[in-house]
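First comes the structure, then the notes that go with it.
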Amino acid sequence: MRLYNGGLIITGIVVFLALATFPFYYNIGKANAKPDIKLEPAIKMSEERYGKKQCVEPKEWIRREHMVLLNHWRDAVVRDENRGYLSTDTGTRFNMSLQNECMQCHSSKKNFCDQCHNYMAVKPFCWDCHIAPTEKEEARS
Amino acid sequence: MSMKRRDFLKIAGISSILSVGAKIAEATHPAWVTGPDPKQLVPNKQALSAKRWAMIVDMTKFKTEADTLKVIDACHRAHNVPDFRTPDGKVDKKLEVKWIWQAGFERAFPGQDNKYMSEHLKDMPFMVLCNHCDNPPCVRVCPTQATYKLKNGITMQDMHRCIGCRFCMAGCPYGARSFNWVDPRKAANLDVKRGGKLNNEYPQRTKGVVEKCTFCTERLQIGKMPACVEAAPKGALLFGDLEDQNSEIRKIITTRYTIRRKPDLGTGPAIYYLIGGSDHA
């Protein structure tokens, strides 16, 4: 068996592989560093509001499922006029509201939303309408 | 009942695919396929409730145009309604978004005007808003059920669902709906950088959705009366339960002569107007 035009074909394959894998090499050690999440303002606020450090549900669950939770909250508030949510974790009653509950503790959109969302390249459209809290140190973007 | 073998196989096939799909969803996404337990979702204790919310606009109590403007301003501030202006400071009619606005008698009550009616009545700036109809055309035409009736009679909208088709605007005989032609954040009154003020407790809207009065359902849910009722001169706007025989508004409607906008269309508007010259007209 003989490979015709072997030089060209092999060069072509090498060039193709180099181009196709370029994004991976290019980004090594760059943008893929995990965000170092700062949670400071939240914890203080929740202590003021509810007397202890707590979120609506356990932290790990919230990290995984908050988008599902928010969708259900939205439907309950907008379509069924229910505002109160009883936590399965602690039984505490929370006001189902992004602006008036979540962002009261998580008072920095940059720290709580954008860090992970940017890392994961997800662009939820919450803030097209909802009003983000004013960032304290830096000017509003 | 008989069934063709072919139809049976189709139904059996589809249902088995669905059940496998549900199992996969459950396995890969364990928490909350069905959402929270209904027991976890509870209305606020202080929420105001009614079988049928309705409003009386007592035009005798609106002494000057400033009274109406104050009401409009309170509503629009509470709901972050953009106030688009042309360079010379007038309301930009092309972009205008309005929840409450003013209309003369002929526009508010067409067909009920006459050539010799008093100038006073003719020029009276009626406060008009969404009528929260019993049978709202906007709800019937909405292709996504973004606008719908709540159990308490309020015609509500879900901005998350609105696709901006504007069928509801064509359907509404009262012109109560406004379209966001541009991002409302471009209006000076909502642009924080240009000194605009936002109500941080209520969202804005985005470009490409239709909006209107919601009878302040978000305020009723926390036990407050609508923003317009609070801002109006005392007794000028009455808000209550039409189905409750002992409510103030029901008593007024049964004892005094009220008119509604375009009732002949069969939409069943829930805004009643008292327009008499004296208190007992």
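To be explicit about the labels: the chains of the structure tokens are called A, B, and onward in the order shown, and within each one the residues are counted from 1, while ligands get numbers from 1 in the order they are shown.
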
Please return, as an MDAnalysis selection string, all residues of chain B lying within 6 Å of chain A when only C-alpha atoms are considered.
chainID B and resid 40:44 203:206

Output file for the residues above (N, CA and C atoms, as a compact mmCIF listing (two decimals), in the first residue's frame):
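The result, stored in part23.txt:
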# COMPACT_ATOMS: atom_id res chain seq x y z
N GLN B 40 -45.19 24.56 50.73
CA GLN B 40 -44.13 25.54 50.99
C GLN B 40 -44.47 26.92 50.45
N LEU B 41 -45.42 26.98 49.53
CA LEU B 41 -45.75 28.25 48.90
C LEU B 41 -47.00 28.81 49.54
N VAL B 42 -46.84 29.90 50.26
CA VAL B 42 -47.97 30.43 51.01
C VAL B 42 -48.13 31.93 50.76
N PRO B 43 -49.36 32.42 50.66
CA PRO B 43 -49.53 33.86 50.51
C PRO B 43 -49.14 34.58 51.80
N ASN B 44 -48.79 35.84 51.68
CA ASN B 44 -48.47 36.62 52.86
C ASN B 44 -49.69 36.75 53.76
N PRO B 203 -39.39 45.79 39.68
CA PRO B 203 -38.53 45.72 38.50
C PRO B 203 -38.90 46.77 37.44
N GLN B 204 -38.03 46.85 36.44
CA GLN B 204 -38.37 47.63 35.26
C GLN B 204 -38.90 46.66 34.22
N ARG B 205 -39.05 47.14 33.02
CA ARG B 205 -39.35 46.25 31.92
C ARG B 205 -38.18 46.31 30.95
N THR B 206 -38.24 45.46 29.95
CA THR B 206 -37.19 45.46 28.95
C THR B 206 -37.78 45.90 27.61

Among range 75-134 of chain A, which ones does DSSP place in strand (DSSP E), written as a PDB file with C-alpha atoms, in the first residue's frame?
ATOM      1  CA  GLY A  84     -44.123  33.379  51.093  1.00  0.00           C
ATOM      2  CA  TYR A  85     -41.731  30.431  50.806  1.00  0.00           C
ATOM      3  CA  LEU A  86     -41.134  28.067  53.704  1.00  0.00           C
ATOM      4  CA  ARG A  93     -40.434  31.979  55.937  1.00  0.00           C
ATOM      5  CA  PHE A  94     -38.847  33.885  53.081  1.00  0.00           C
ATOM      6  CA  ASN A  95     -40.288  36.513  50.805  1.00  0.00           C
TER       7      ASN A  95
END

Considering only C-alpha atoms, return as a ChimeraX atom specification whatever protein or nucleic-acid residues lie within 8 Å of Pro110 in chain B, sequence-local ones (same chain, fewer than 4 positions apart) excluded.
/B:105-106,262

Give me the residues near range 19-31 of chain A as JSON, numbers by chain, where near means some atom within 12 Å (using only C-alpha atoms) and where sequence neighbours in that chain fewer than 4 positions away do not count.
{"A": [12, 13, 14, 15, 35, 118, 119, 120, 121]}

Can you check which residues of range 10-235 of chain B DSSP gives as alpha helix (DSSP H) on the backbone and send them as a PyMOL selection string?
chain B and resi 10-28+65-78+105-108+119-122+137-141+167-171+217-220+227-231

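Shell of range 223-238 of chain B at 6 Å, with only C-alpha atoms counted and residues fewer than 3 places along the chain excluded, is B:Gln46, B:Ala47, B:Leu48, B:Met55, B:Ile56, B:Val57, B:Asp58, B:Lys61, B:Val71, B:Cys75, B:Cys216, B:Arg219, B:Leu220.
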
Take the selection from the previous step and output its residues with N, CA and C atoms, as a compact mmCIF listing (two decimals), in the first residue's frame.
# COMPACT_ATOMS: atom_id res chain seq x y z
N GLN B 46 -50.43 39.28 55.66
CA GLN B 46 -51.02 40.62 55.66
C GLN B 46 -51.63 40.99 54.30
N ALA B 47 -51.59 40.06 53.33
CA ALA B 47 -52.07 40.38 51.99
C ALA B 47 -53.56 40.74 52.01
N LEU B 48 -53.93 41.73 51.18
CA LEU B 48 -55.33 42.09 51.04
C LEU B 48 -55.93 41.18 49.99
N MET B 55 -62.62 49.54 41.22
CA MET B 55 -62.27 50.90 41.64
C MET B 55 -63.35 51.88 41.25
N ILE B 56 -63.57 52.85 42.13
CA ILE B 56 -64.45 53.97 41.78
C ILE B 56 -63.59 55.22 41.66
N VAL B 57 -63.75 55.93 40.54
CA VAL B 57 -63.07 57.20 40.37
C VAL B 57 -64.12 58.28 40.57
N ASP B 58 -63.99 59.02 41.65
CA ASP B 58 -64.97 60.08 41.95
C ASP B 58 -64.44 61.39 41.38
N LYS B 61 -64.08 64.75 43.27
CA LYS B 61 -63.01 64.97 44.25
C LYS B 61 -61.70 65.39 43.60
N VAL B 71 -51.47 61.74 40.99
CA VAL B 71 -51.80 60.31 41.02
C VAL B 71 -50.98 59.57 39.96
N CYS B 75 -48.06 56.61 40.60
CA CYS B 75 -48.12 55.28 39.96
C CYS B 75 -46.86 55.02 39.17
N CYS B 216 -51.75 47.30 41.16
CA CYS B 216 -50.75 47.19 42.23
C CYS B 216 -50.83 45.85 42.95
N ARG B 219 -48.42 45.38 45.66
CA ARG B 219 -48.68 46.09 46.91
C ARG B 219 -49.80 45.41 47.70
N LEU B 220 -50.82 44.95 47.00
CA LEU B 220 -51.91 44.23 47.68
C LEU B 220 -51.36 43.01 48.42

Using only C-alpha atoms, the residue out of B:Met3, B:Thr34, B:Ala170, B:Asp92 with shortest distance to Ala22 in chain B is B:Thr34

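Counting only C-alpha atoms and comparing A:Gln104, A:Thr90, A:Asn5, A:Thr11, the residue that lies closest to Ser46 in chain A is A:Gln104.
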
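The space between CA of Lys10 in chain B and CA of Lys23 in chain B spans 20.2 Å.
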
Might you pull out every residue within 12 Å of Thr254 in chain B, with only C-alpha atoms counted and same-chain residues fewer than 5 positions away left off, and present them as a PyMOL selection string?
chain B and resi 242-249+272

The selected residues should be written to file as a PDB file, in the first residue's frame (atoms: N, CA and C atoms).
ATOM      1  N   LEU B 242     -65.843  44.231  44.884  1.00  0.00           N
ATOM      2  CA  LEU B 242     -67.154  44.422  44.266  1.00  0.00           C
ATOM      3  C   LEU B 242     -68.143  43.333  44.677  1.00  0.00           C
ATOM      4  N   GLU B 243     -67.639  42.158  45.003  1.00  0.00           N
ATOM      5  CA  GLU B 243     -68.496  41.025  45.338  1.00  0.00           C
ATOM      6  C   GLU B 243     -68.912  41.031  46.806  1.00  0.00           C
ATOM      7  N   ASP B 244     -68.281  41.897  47.591  1.00  0.00           N
ATOM      8  CA  ASP B 244     -68.619  41.968  49.005  1.00  0.00           C
ATOM      9  C   ASP B 244     -69.729  42.997  49.196  1.00  0.00           C
ATOM     10  N   GLN B 245     -70.909  42.534  49.649  1.00  0.00           N
ATOM     11  CA  GLN B 245     -72.075  43.419  49.756  1.00  0.00           C
ATOM     12  C   GLN B 245     -71.843  44.588  50.708  1.00  0.00           C
ATOM     13  N   ASN B 246     -70.954  44.409  51.664  1.00  0.00           N
ATOM     14  CA  ASN B 246     -70.751  45.452  52.666  1.00  0.00           C
ATOM     15  C   ASN B 246     -69.589  46.371  52.352  1.00  0.00           C
ATOM     16  N   SER B 247     -68.939  46.158  51.226  1.00  0.00           N
ATOM     17  CA  SER B 247     -67.790  47.008  50.934  1.00  0.00           C
ATOM     18  C   SER B 247     -68.268  48.399  50.535  1.00  0.00           C
ATOM     19  N   GLU B 248     -67.404  49.362  50.775  1.00  0.00           N
ATOM     20  CA  GLU B 248     -67.757  50.752  50.508  1.00  0.00           C
ATOM     21  C   GLU B 248     -68.087  50.954  49.027  1.00  0.00           C
ATOM     22  N   ILE B 249     -67.269  50.381  48.172  1.00  0.00           N
ATOM     23  CA  ILE B 249     -67.495  50.634  46.742  1.00  0.00           C
ATOM     24  C   ILE B 249     -68.796  49.988  46.271  1.00  0.00           C
ATOM     25  N   TYR B 272     -65.364  52.279  37.824  1.00  0.00           N
ATOM     26  CA  TYR B 272     -66.640  52.993  37.823  1.00  0.00           C
ATOM     27  C   TYR B 272     -66.366  54.472  38.040  1.00  0.00           C
TER      28      TYR B 272
END

Grab the CA of Trp99 in chain B to CA of Lys197 in chain B distance for me, in Å with one decimal place.
17.8 Å

Give me, as a PDB file with N, CA and C atoms, in the first residue's frame, all polymer residues having an atom no more than 12 Å from Asp113 in chain B, counting only C-alpha atoms and skipping those fewer than 6 positions away in the same chain.
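Okay, this is what ended up in result.pdb:
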ATOM      1  N   GLY B 104     -60.267  63.321  27.844  1.00  0.00           N
ATOM      2  CA  GLY B 104     -61.479  64.131  27.897  1.00  0.00           C
ATOM      3  C   GLY B 104     -62.707  63.242  27.830  1.00  0.00           C
ATOM      4  N   PHE B 105     -63.903  63.837  28.078  1.00  0.00           N
ATOM      5  CA  PHE B 105     -65.117  63.031  28.127  1.00  0.00           C
ATOM      6  C   PHE B 105     -65.354  62.261  26.830  1.00  0.00           C
ATOM      7  N   GLU B 106     -65.162  62.935  25.710  1.00  0.00           N
ATOM      8  CA  GLU B 106     -65.466  62.287  24.428  1.00  0.00           C
ATOM      9  C   GLU B 106     -64.587  61.068  24.170  1.00  0.00           C
ATOM     10  N   ARG B 107     -63.349  61.161  24.614  1.00  0.00           N
ATOM     11  CA  ARG B 107     -62.448  60.028  24.409  1.00  0.00           C
ATOM     12  C   ARG B 107     -62.684  58.923  25.428  1.00  0.00           C
ATOM     13  N   GLU B 119     -69.432  72.538  29.156  1.00  0.00           N
ATOM     14  CA  GLU B 119     -67.998  72.632  28.881  1.00  0.00           C
ATOM     15  C   GLU B 119     -67.198  72.008  30.027  1.00  0.00           C
ATOM     16  N   LEU B 121     -67.903  69.520  31.967  1.00  0.00           N
ATOM     17  CA  LEU B 121     -67.853  68.065  31.867  1.00  0.00           C
ATOM     18  C   LEU B 121     -67.010  67.626  30.672  1.00  0.00           C
ATOM     19  N   LYS B 122     -67.190  68.342  29.587  1.00  0.00           N
ATOM     20  CA  LYS B 122     -66.512  67.992  28.348  1.00  0.00           C
ATOM     21  C   LYS B 122     -64.988  68.048  28.514  1.00  0.00           C
ATOM     22  N   ASP B 123     -64.533  69.059  29.242  1.00  0.00           N
ATOM     23  CA  ASP B 123     -63.096  69.276  29.373  1.00  0.00           C
ATOM     24  C   ASP B 123     -62.502  68.608  30.613  1.00  0.00           C
TER      25      ASP B 123
END

Please identify every residue of range 128-221 of chain B that has at least one atom no farther than 9 Å from an atom of range 84-89 of chain B, counting only C-alpha atoms, and for each give the shortest atom pair and the distance in Å to one decimal, arranged by chain then increasing number, as JSON lines.
{"residue": "B:Pro184", "atom": "CA", "partner": "B:Phe84", "partner_atom": "CA", "distance": 8.5}
{"residue": "B:Lys186", "atom": "CA", "partner": "B:Phe84", "partner_atom": "CA", "distance": 8.3}
{"residue": "B:Ala187", "atom": "CA", "partner": "B:Phe84", "partner_atom": "CA", "distance": 5.3}
{"residue": "B:Ala188", "atom": "CA", "partner": "B:Phe84", "partner_atom": "CA", "distance": 7.2}
{"residue": "B:Asn189", "atom": "CA", "partner": "B:Phe84", "partner_atom": "CA", "distance": 8.2}

Grab the residues selected above and save them as a PDB file, in the first residue's frame with C-alpha atoms.
ATOM      1  CA  PRO B 184     -36.925  51.944  29.283  1.00  0.00           C
ATOM      2  CA  LYS B 186     -32.958  55.181  28.238  1.00  0.00           C
ATOM      3  CA  ALA B 187     -35.628  57.449  29.716  1.00  0.00           C
ATOM      4  CA  ALA B 188     -34.137  60.259  31.806  1.00  0.00           C
ATOM      5  CA  ASN B 189     -36.342  59.526  34.814  1.00  0.00           C
TER       6      ASN B 189
END

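The smallest atom-to-atom distance between Met103 in chain A and any of A:Gly51, A:Cys116, A:Met45, A:Ala18, using only C-alpha atoms, is found for A:Met45.
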
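Comparing the minimum interatomic distances between Thr92 in chain A and each of A:Leu70, A:Glu57, A:Lys34, A:Phe112, counting only C-alpha atoms, we find that A:Glu57 sits nearest.
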